[in-house]
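See below for start-v9.csv, which holds CSV, C-alpha atoms.
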chain,number,residue,atom,x,y,z
X,1,GLY,CA,-10.7,-107.0,7.8
X,2,GLY,CA,-6.9,-107.3,8.2
X,3,GLY,CA,-7.1,-108.1,11.9
X,4,LYS,CA,-4.9,-105.1,12.9
X,5,PRO,CA,-5.9,-103.2,16.1
X,6,VAL,CA,-6.8,-99.6,15.3
X,7,VAL,CA,-7.5,-96.6,17.6
X,8,PHE,CA,-10.1,-94.0,16.4
X,9,LEU,CA,-9.4,-90.7,18.2
X,10,PHE,CA,-12.3,-88.2,18.2
X,11,THR,CA,-12.1,-84.9,20.0
X,12,ASP,CA,-14.2,-81.7,20.4
X,13,ALA,CA,-12.3,-80.1,17.5
X,14,HIS,CA,-13.6,-82.8,15.1
X,15,VAL,CA,-17.3,-82.1,15.8
X,16,LYS,CA,-17.9,-79.9,12.8
X,17,ASP,CA,-21.5,-81.2,12.7
X,18,GLU,CA,-23.5,-82.8,15.5
X,19,ASN,CA,-24.6,-85.6,13.1
X,20,PHE,CA,-21.0,-86.9,13.4
X,21,LEU,CA,-21.9,-87.9,17.0
X,22,GLU,CA,-24.8,-90.0,15.8
X,23,MET,CA,-22.4,-92.1,13.8
X,24,ILE,CA,-20.1,-92.4,16.8
X,25,ASN,CA,-23.2,-93.4,18.9
X,26,ASN,CA,-24.0,-96.2,16.4
X,27,MET,CA,-20.4,-97.4,16.4
X,28,LEU,CA,-20.4,-97.6,20.2
X,29,THR,CA,-23.8,-99.3,20.6
X,30,SER,CA,-23.9,-101.7,17.6
X,31,GLY,CA,-20.3,-101.6,16.2
X,32,MET,CA,-21.5,-100.5,12.8
X,33,VAL,CA,-22.9,-97.4,11.1
X,34,PRO,CA,-26.2,-98.3,9.3
X,35,ALA,CA,-26.1,-98.0,5.5
X,36,LEU,CA,-22.4,-97.2,5.6
X,37,PHE,CA,-21.6,-99.7,2.8
X,38,SER,CA,-23.6,-100.3,-0.4
X,39,ALA,CA,-24.2,-103.9,-1.7
X,40,GLU,CA,-21.4,-103.4,-4.3
X,41,GLU,CA,-19.0,-102.3,-1.5
X,42,LYS,CA,-19.9,-105.2,0.8
X,43,ALA,CA,-19.1,-107.9,-1.8
X,44,PRO,CA,-15.2,-107.6,-1.7
X,45,LEU,CA,-15.3,-107.3,2.1
X,46,ILE,CA,-17.4,-110.5,2.4
X,47,ASP,CA,-15.0,-112.3,0.0
X,48,ALA,CA,-12.0,-111.3,2.1
X,49,VAL,CA,-13.3,-113.1,5.2
X,50,THR,CA,-15.0,-116.1,3.5
X,51,LYS,CA,-12.0,-118.4,4.1
X,52,GLU,CA,-11.7,-117.3,7.8
X,53,CYS,CA,-15.4,-118.1,8.3
X,54,LYS,CA,-14.9,-121.6,6.9
X,55,ALA,CA,-11.8,-122.1,9.1
X,56,THR,CA,-13.7,-121.2,12.2
X,57,GLY,CA,-16.6,-123.6,11.3
X,58,ILE,CA,-19.1,-120.9,10.4
X,59,ALA,CA,-21.3,-121.5,7.3
X,60,PRO,CA,-19.9,-119.2,4.6
X,61,THR,CA,-23.2,-117.5,3.8
X,62,ARG,CA,-23.3,-113.8,2.9
X,63,GLU,CA,-25.0,-112.9,6.1
X,64,ASN,CA,-22.7,-115.0,8.3
X,65,CYS,CA,-19.6,-113.6,6.5
X,66,TRP,CA,-20.8,-110.0,6.9
X,67,ASN,CA,-21.6,-110.6,10.6
X,68,TYR,CA,-18.1,-112.1,11.0
X,69,PHE,CA,-16.6,-109.0,9.4
X,70,VAL,CA,-18.5,-106.6,11.6
X,71,GLU,CA,-17.5,-108.6,14.8
X,72,LYS,CA,-13.9,-108.6,13.7
X,73,CYS,CA,-13.9,-104.9,13.1
X,74,ARG,CA,-15.6,-104.4,16.5
X,75,ASN,CA,-12.9,-106.4,18.3
X,76,ASN,CA,-10.0,-104.5,16.6
X,77,LEU,CA,-11.4,-101.0,16.8
X,78,HIS,CA,-10.8,-98.9,19.9
X,79,VAL,CA,-12.7,-95.6,20.0
X,80,VAL,CA,-11.2,-92.9,22.1
X,81,LEU,CA,-13.4,-89.7,22.8
X,82,CYS,CA,-11.7,-86.6,24.2
X,83,MET,CA,-14.2,-84.0,25.3
X,84,SER,CA,-14.1,-81.1,27.8
X,85,PRO,CA,-16.8,-81.2,30.5
X,86,SER,CA,-16.9,-77.4,30.7
X,87,GLY,CA,-20.2,-75.8,29.9
X,88,ASN,CA,-23.4,-77.6,28.9
X,89,THR,CA,-22.2,-79.0,25.6
X,90,LEU,CA,-21.1,-82.4,26.9
X,91,ARG,CA,-24.2,-82.8,29.1
X,92,ILE,CA,-26.5,-82.2,26.1
X,93,ARG,CA,-24.5,-84.5,23.9
X,94,CYS,CA,-24.6,-87.3,26.4
X,95,ARG,CA,-28.4,-86.8,26.7
X,96,ASN,CA,-28.9,-86.9,22.9
X,97,PHE,CA,-26.5,-89.7,22.3
X,98,PRO,CA,-26.6,-92.1,25.4
X,99,GLY,CA,-24.0,-94.4,23.9
X,100,LEU,CA,-21.3,-91.8,24.8
X,101,VAL,CA,-21.9,-92.7,28.4
X,102,SER,CA,-23.5,-96.3,28.5
X,103,ASN,CA,-21.0,-97.9,26.1
X,104,THR,CA,-17.8,-96.2,27.2
X,105,ILE,CA,-15.4,-96.1,30.1
X,106,ILE,CA,-14.9,-92.5,31.4
X,107,ASP,CA,-11.5,-91.4,32.5
X,108,TRP,CA,-11.6,-88.0,34.3
X,109,PHE,CA,-8.5,-85.9,34.0
X,110,PHE,CA,-8.1,-83.6,37.0
X,111,PRO,CA,-5.9,-80.5,37.1
X,112,TRP,CA,-2.2,-81.2,36.7
X,113,PRO,CA,0.0,-80.5,39.7
X,114,HIS,CA,2.8,-77.8,39.7
X,115,SER,CA,5.5,-80.4,38.9
X,116,ALA,CA,3.6,-81.8,35.9
X,117,LEU,CA,3.0,-78.3,34.5
X,118,GLU,CA,6.7,-77.7,34.7
X,119,VAL,CA,7.6,-81.0,33.0
X,120,VAL,CA,5.1,-80.4,30.2
X,121,ALA,CA,6.3,-76.8,29.6
X,122,GLY,CA,9.9,-77.9,29.6
X,123,HIS,CA,9.1,-80.7,27.1
X,124,PHE,CA,7.5,-78.4,24.6
X,125,LEU,CA,10.0,-75.6,25.0
X,126,LYS,CA,13.2,-77.7,24.9
X,127,GLU,CA,13.6,-77.2,21.1
X,128,GLU,CA,12.9,-73.4,21.3
X,129,LYS,CA,15.8,-71.0,21.1
X,130,LEU,CA,15.5,-69.5,24.6
X,131,PRO,CA,18.4,-68.0,26.6
X,132,ASP,CA,19.6,-70.6,29.0
X,133,ALA,CA,19.7,-68.1,31.8
X,134,HIS,CA,16.0,-67.3,31.4
X,135,ARG,CA,14.6,-70.7,30.3
X,136,LYS,CA,13.8,-71.8,33.9
X,137,ASN,CA,12.2,-68.5,34.7
X,138,ILE,CA,10.0,-68.6,31.5
X,139,ILE,CA,8.8,-72.1,32.4
X,140,GLU,CA,8.0,-71.0,36.0
X,141,HIS,CA,6.2,-67.9,34.7
X,142,MET,CA,4.0,-70.0,32.4
X,143,VAL,CA,3.1,-72.4,35.3
X,144,ASN,CA,2.3,-69.6,37.6
X,145,VAL,CA,0.0,-67.9,35.0
X,146,HIS,CA,-1.9,-71.2,34.5
X,147,LEU,CA,-2.3,-71.8,38.2
X,148,SER,CA,-3.3,-68.1,38.9
X,149,VAL,CA,-6.1,-68.5,36.2
X,150,GLN,CA,-7.3,-71.6,38.1
X,151,ASN,CA,-7.4,-69.7,41.4
X,152,TYR,CA,-9.1,-66.7,39.9
X,153,SER,CA,-11.7,-69.0,38.2
X,154,LYS,CA,-12.7,-70.3,41.7
X,155,LYS,CA,-12.9,-66.7,43.0
X,156,PHE,CA,-14.9,-65.8,39.9
X,157,GLU,CA,-17.4,-68.6,40.6
X,158,LEU,CA,-17.8,-67.7,44.3
X,159,GLU,CA,-18.4,-64.0,43.6
X,160,LEU,CA,-20.4,-64.1,40.4
X,161,ARG,CA,-21.8,-67.6,40.4
X,162,ARG,CA,-20.4,-68.2,37.0
X,163,SER,CA,-18.0,-71.1,36.1
X,164,ASN,CA,-14.8,-70.8,34.1
X,165,HIS,CA,-13.2,-74.1,33.5
X,166,VAL,CA,-9.4,-74.2,33.1
X,167,THR,CA,-8.3,-77.6,31.7
X,168,PRO,CA,-4.9,-79.0,30.7
X,169,LYS,CA,-5.9,-78.4,27.1
X,170,ASN,CA,-6.0,-74.7,27.9
X,171,TYR,CA,-2.4,-75.0,29.3
X,172,LEU,CA,-1.3,-76.8,26.1
X,173,ASP,CA,-2.9,-74.1,23.9
X,174,TYR,CA,-1.2,-71.4,26.1
X,175,ILE,CA,2.2,-73.1,25.4
X,176,ASN,CA,1.5,-73.5,21.7
X,177,ALA,CA,0.4,-69.8,21.5
X,178,TYR,CA,3.6,-68.8,23.2
X,179,ARG,CA,5.7,-70.9,20.8
X,180,LEU,CA,3.9,-69.4,17.8
X,181,THR,CA,4.4,-65.9,19.1
X,182,LEU,CA,8.0,-66.6,19.9
X,183,LYS,CA,8.6,-67.9,16.4
X,184,ASP,CA,6.8,-64.9,14.9
X,185,LYS,CA,8.8,-62.4,16.9
X,186,LEU,CA,12.1,-64.2,16.3
X,187,GLY,CA,11.3,-64.2,12.6
X,188,GLU,CA,10.5,-60.5,12.8
X,189,ASN,CA,13.7,-59.7,14.6
X,190,GLN,CA,15.6,-61.7,12.1
X,191,ARG,CA,14.0,-59.8,9.2
X,192,LEU,CA,14.8,-56.5,10.9
X,193,TYR,CA,18.4,-57.6,11.6
X,194,LYS,CA,18.8,-58.7,8.0
X,195,ARG,CA,17.3,-55.4,6.8
X,196,LEU,CA,19.7,-53.4,9.0
X,197,ASP,CA,22.6,-55.5,7.9
X,198,ASP,CA,21.7,-55.1,4.2
X,199,GLY,CA,21.4,-51.4,4.8
X,200,LEU,CA,24.8,-51.2,6.3
X,201,MET,CA,26.3,-53.2,3.5
X,202,LYS,CA,24.6,-50.9,1.0
X,203,LEU,CA,26.0,-47.8,2.8
X,204,GLN,CA,29.5,-49.3,2.8
X,205,GLY,CA,29.1,-50.3,-0.9
X,206,ALA,CA,27.9,-46.8,-1.6
X,207,GLU,CA,30.9,-45.3,0.1
X,208,LYS,CA,33.2,-47.4,-2.1
X,209,ASP,CA,31.2,-46.5,-5.2
X,210,VAL,CA,31.5,-42.8,-4.3
X,211,LYS,CA,35.3,-43.0,-4.0
X,212,LYS,CA,35.5,-44.9,-7.2
X,213,LEU,CA,33.3,-42.4,-9.0
X,214,GLN,CA,35.4,-39.5,-7.6
X,215,GLU,CA,38.5,-41.1,-9.1
X,216,GLU,CA,36.7,-41.7,-12.4
X,217,ILE,CA,35.5,-38.1,-12.3
X,218,ASN,CA,39.1,-36.8,-11.8
X,219,VAL,CA,40.3,-38.9,-14.7
X,220,ALA,CA,37.3,-37.9,-16.8
X,221,LYS,CA,38.0,-34.2,-16.0
X,222,VAL,CA,41.4,-34.4,-17.6
X,223,GLU,CA,39.9,-36.1,-20.6
X,224,VAL,CA,37.1,-33.5,-20.8
X,225,ASP,CA,39.6,-30.7,-20.8
X,226,ALA,CA,41.6,-32.3,-23.6
X,227,ALA,CA,38.4,-32.9,-25.5
X,228,SER,CA,37.3,-29.3,-25.0
X,229,LYS,CA,40.6,-28.1,-26.5
X,230,MET,CA,40.2,-30.5,-29.4
X,231,THR,CA,36.6,-29.3,-29.8
X,232,VAL,CA,37.8,-25.7,-30.2
X,233,GLU,CA,40.3,-26.7,-32.8
X,234,LEU,CA,37.6,-28.8,-34.5
X,235,ILE,CA,35.2,-25.8,-34.6
X,236,VAL,CA,37.9,-23.7,-36.3
X,237,ASN,CA,38.5,-26.5,-38.8
X,238,ILE,CA,34.8,-26.9,-39.4
X,239,GLU,CA,34.4,-23.1,-40.0
X,240,ALA,CA,37.2,-23.3,-42.6
X,241,ALA,CA,35.7,-26.4,-44.2
X,242,SER,CA,32.3,-24.7,-44.2
X,243,LYS,CA,33.8,-21.8,-46.1
X,244,GLU,CA,35.4,-24.1,-48.6
X,245,ALA,CA,32.1,-26.0,-48.9
X,246,GLN,CA,30.2,-22.8,-49.5
X,247,GLU,CA,32.7,-21.9,-52.3
X,248,GLU,CA,32.3,-25.3,-53.8
X,249,LYS,CA,28.5,-24.9,-53.5
X,250,ASP,CA,28.6,-21.6,-55.4
X,251,ALA,CA,30.8,-23.2,-58.1
X,252,GLY,CA,28.4,-26.1,-58.3
X,253,LEU,CA,25.4,-23.7,-58.8
X,254,LYS,CA,27.3,-21.9,-61.5
X,255,LEU,CA,28.1,-25.3,-63.2
X,256,GLU,CA,24.5,-26.3,-62.8
X,257,GLN,CA,23.4,-23.1,-64.6
X,258,GLU,CA,25.9,-23.9,-67.4
X,259,LEU,CA,24.7,-27.5,-67.6
X,260,THR,CA,21.1,-26.2,-67.8
X,261,VAL,CA,22.1,-24.1,-70.8
X,262,LYS,CA,23.9,-27.1,-72.4
X,263,GLN,CA,20.9,-29.3,-71.7
X,264,LYS,CA,18.6,-26.8,-73.6
X,265,GLU,CA,21.1,-26.8,-76.6
X,266,ILE,CA,21.2,-30.6,-76.5
X,267,MET,CA,17.4,-30.8,-76.5
X,268,ILE,CA,17.3,-28.5,-79.6
X,269,GLU,CA,19.9,-30.7,-81.3
X,270,LYS,CA,17.9,-33.8,-80.3
X,271,GLU,CA,14.8,-32.4,-81.9
X,272,ALA,CA,16.7,-31.7,-85.1
X,273,ALA,CA,18.2,-35.2,-85.1
X,274,ASN,CA,14.7,-36.7,-84.5
X,275,GLU,CA,13.5,-34.7,-87.6
X,276,ASP,CA,16.3,-36.1,-89.7
X,277,LEU,CA,15.6,-39.6,-88.4
X,278,ALA,CA,12.0,-39.2,-89.3
X,279,LYS,CA,13.0,-38.3,-92.8
X,280,ALA,CA,15.4,-41.3,-93.1
X,281,GLU,CA,13.0,-43.8,-91.7
X,282,PRO,CA,11.1,-44.2,-95.0
X,283,VAL,CA,14.4,-44.9,-96.9
X,284,LEU,CA,15.4,-47.4,-94.2
X,285,GLN,CA,12.1,-49.1,-94.4
X,286,GLN,CA,12.5,-49.3,-98.2
X,287,ALA,CA,15.9,-50.8,-97.8
X,288,ALA,CA,14.6,-53.4,-95.3
X,289,GLU,CA,11.8,-54.3,-97.7
X,290,ALA,CA,14.4,-54.6,-100.5
X,291,LEU,CA,16.5,-56.9,-98.3
X,292,GLU,CA,13.5,-59.0,-97.5
X,293,GLU,CA,12.8,-59.2,-101.3
X,294,LEU,CA,16.3,-60.4,-101.8
X,295,LYS,CA,16.0,-63.0,-99.2
X,296,LYS,CA,12.8,-64.2,-100.9
X,297,ASN,CA,14.8,-64.3,-104.3
X,298,LYS,CA,17.6,-66.4,-102.9
X,299,ALA,CA,16.7,-69.1,-105.5
X,300,LYS,CA,17.4,-66.6,-108.3
X,301,ILE,CA,20.8,-65.7,-106.8
X,302,ASP,CA,21.6,-69.5,-106.7
X,303,GLU,CA,20.6,-69.7,-110.3
X,304,LEU,CA,22.8,-66.7,-111.1
X,305,LYS,CA,25.8,-68.3,-109.4
X,306,ALA,CA,25.4,-71.4,-111.6
X,307,TYR,CA,26.3,-69.4,-114.7
X,308,ALA,CA,29.8,-70.1,-115.9
X,309,ASN,CA,30.0,-67.1,-118.3
X,310,PRO,CA,26.9,-64.8,-117.9
X,311,PRO,CA,26.2,-61.8,-120.1
X,312,ASP,CA,28.4,-58.7,-119.7
X,313,ASN,CA,25.7,-56.7,-118.1
X,314,VAL,CA,25.3,-59.3,-115.4
X,315,LYS,CA,29.1,-59.3,-114.8
X,316,LYS,CA,29.1,-55.5,-114.5
X,317,VAL,CA,26.3,-55.5,-111.9
X,318,ALA,CA,28.0,-58.3,-109.9
X,319,GLN,CA,31.3,-56.3,-110.1
X,320,CYS,CA,29.5,-53.2,-108.7
X,321,VAL,CA,28.1,-55.2,-105.9
X,322,LEU,CA,31.5,-56.7,-105.2
X,323,GLU,CA,33.0,-53.2,-105.0
X,324,LEU,CA,30.3,-51.8,-102.8
X,325,HIS,CA,30.0,-54.9,-100.6
X,326,PRO,CA,33.4,-56.6,-100.4
X,327,SER,CA,33.5,-60.1,-99.1
X,328,PRO,CA,36.3,-61.5,-96.9
X,329,ALA,CA,36.3,-64.6,-99.1
X,330,ALA,CA,36.5,-62.7,-102.5
X,331,ASP,CA,38.9,-60.2,-104.0
X,332,PRO,CA,37.2,-57.4,-106.1
X,333,SER,CA,39.9,-57.9,-108.7
X,334,GLY,CA,38.9,-61.5,-109.2
X,335,GLY,CA,36.1,-60.7,-111.7
X,336,TRP,CA,33.2,-63.2,-112.1
X,337,ALA,CA,34.9,-65.9,-110.0
X,338,ALA,CA,35.2,-63.4,-107.1
X,339,ALA,CA,31.5,-62.4,-107.6
X,340,LYS,CA,30.4,-66.0,-107.4
X,341,ALA,CA,32.5,-66.5,-104.2
X,342,MET,CA,30.8,-63.4,-102.7
X,343,MET,CA,27.3,-64.7,-103.5
X,344,GLY,CA,28.3,-68.0,-102.0
X,345,ASP,CA,29.1,-66.3,-98.6
X,346,VAL,CA,26.3,-67.2,-96.1
X,347,ARG,CA,26.4,-63.6,-94.9
X,348,PHE,CA,25.9,-62.1,-98.4
X,349,LEU,CA,22.2,-61.3,-98.1
I need this file expressed as structure tokens, please.
Amino acid sequence: GGGKPVVFLFTDAHVKDENFLEMINNMLTSGMVPALFSAEEKAPLIDAVTKECKATGIAPTRENCWNYFVEKCRNNLHVVLCMSPSGNTLRIRCRNFPGLVSNTIIDWFFPWPHSALEVVAGHFLKEEKLPDAHRKNIIEHMVNVHLSVQNYSKKFELELRRSNHVTPKNYLDYINAYRLTLKDKLGENQRLYKRLDDGLMKLQGAEKDVKKLQEEINVAKVEVDAASKMTVELIVNIEAASKEAQEEKDAGLKLEQELTVKQKEIMIEKEAANEDLAKAEPVLQQAAEALEELKKNKAKIDELKAYANPPDNVKKVAQCVLELHPSPAADPSGGWAAAKAMMGDVRFL
């Protein structure tokens, strides 16, 4: 719908399915493939040409706009069919799809002359890496091969009554096959050259590495000899140290035996101490209970401290406690005053 001329090129190689030719036949006869667009797809196409329809004086109905769009596409579309006449294929296709003949202009391409074959081969081979001295001979050889096939095809038809068509397309395929083979062989040669070059570089590198390793071996041999000498001396020292270690081990075993005997004696003494502790535990328990009793009778001690001049028996008991439990804050020679200071100490009980 844009009004731009377009060429639709369709060759033998595009015929993957014979149904394709039915669509081509419809395009050639009516300019449109039936049921190509759905109603939803037609709407934007019709809208695109509505203004043009009005400008040309056509009533902008949907049918008129669609016909205008089809006619515009027909005027701007040029269909070019390229097919080989060899064999029965083209004959059958023309019979099944008459639009290929009745609605087309046929241009027959006859065999190319010798000069044309040279020009075509030179054009396609000009970018290839060929020796300049042999380029012309290669082109001439390709031309002669193609022409010889044509001549032998005529002889083949005369002798065996069988046709073998040699077309310019075969010549182009021949050139393309040569180019692909040339590219493949050049690539293979390049890979072989690179492989050989890499091998030579590795051999040269290996030679340098061998020389370097030989120098390192010579240096290492001197170091190994020195290390061997040191090893012999070290073995002698190890033997002497082993002898000393054995002597120390024997002394350690002897000391272990003595410690075992001491351990047994200690265990006996420990058992005796445990027995004495078991005997002393009841007395300790009684003392703890007495201390708890004293803590409970703290009020009585406070009452005792309040006496200014207690009875003599009380003074004597307080003096005994003062002698047995001296207080940093009281002097035992201080009498009842010292005893009261002792009982006033927070750590007394």
9 Å contact set for X:Met32, all atoms listed in the file, chain neighbours under 5 positions out, as JSON, numbers by chain: {"X": [23, 26, 27, 70, 73, 74]}
Would you mind telling me which residue in X:Glu271, X:Leu160, X:Leu324, X:Lys126 lies nearest to X:Met342 when using all atoms listed in the file? X:Leu324
List the spatial neighbours of stretch 46-48 of chain X as a PyMOL selection string - criterion: any atom at most 10 Å away, all atoms listed in the file, same-chain residues fewer than 4 positions off excluded. chain X and resi 1-2+41-42+52-53+60-69
Six-sided padding of 3 Å per side, axis-aligned box over stretch 57-76 of chain X, centre and edges in Å, one decimal, as JSON:
{"center_x": -17.5, "center_y": -114.0, "center_z": 10.6, "size_x": 21.0, "size_y": 25.2, "size_z": 21.4}
Just how far from atom CA of X:Val6 is atom CA of X:Glu71, in Å to one decimal?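 One can read the atom CA of X:Glu71 to atom CA of X:Val6 distance as 14.0 Å.
Nearest to X:Lys136 of all the residues X:Leu9, X:Leu253, X:Ala121, X:Leu180 is X:Ala121, based on all atoms listed in the file.
Interatomic distance, atom CA of X:Pro85 to atom CA of X:His165: 8.5 Å.
We find atom CA of X:Leu117 and atom CA of X:Arg135 to be spaced 14.5 Å apart.
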Who sits within 12 Å of stretch 14-17 of chain X, only C-alpha atoms, same chain under 3 positions skipped, as a PyMOL selection string: chain X and resi 8-11+20-24+81-83+89-90+93
Considering only C-alpha atoms, state which residue in the set X:Ala306, X:Ala116, X:Val222, X:Val80 is at the smallest distance from X:Asn103.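 Comparing X:Ala306, X:Ala116, X:Val222, X:Val80 against X:Asn103, the winner is X:Val80.
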Could you check which residues have any atom within 12 Å of (-14.2, -72.8, 35.4), counting only C-alpha atoms with coordinates taken straight from the file, and then list them as a ChimeraX atom specification? /X:84-87,111,149-158,160-167,170
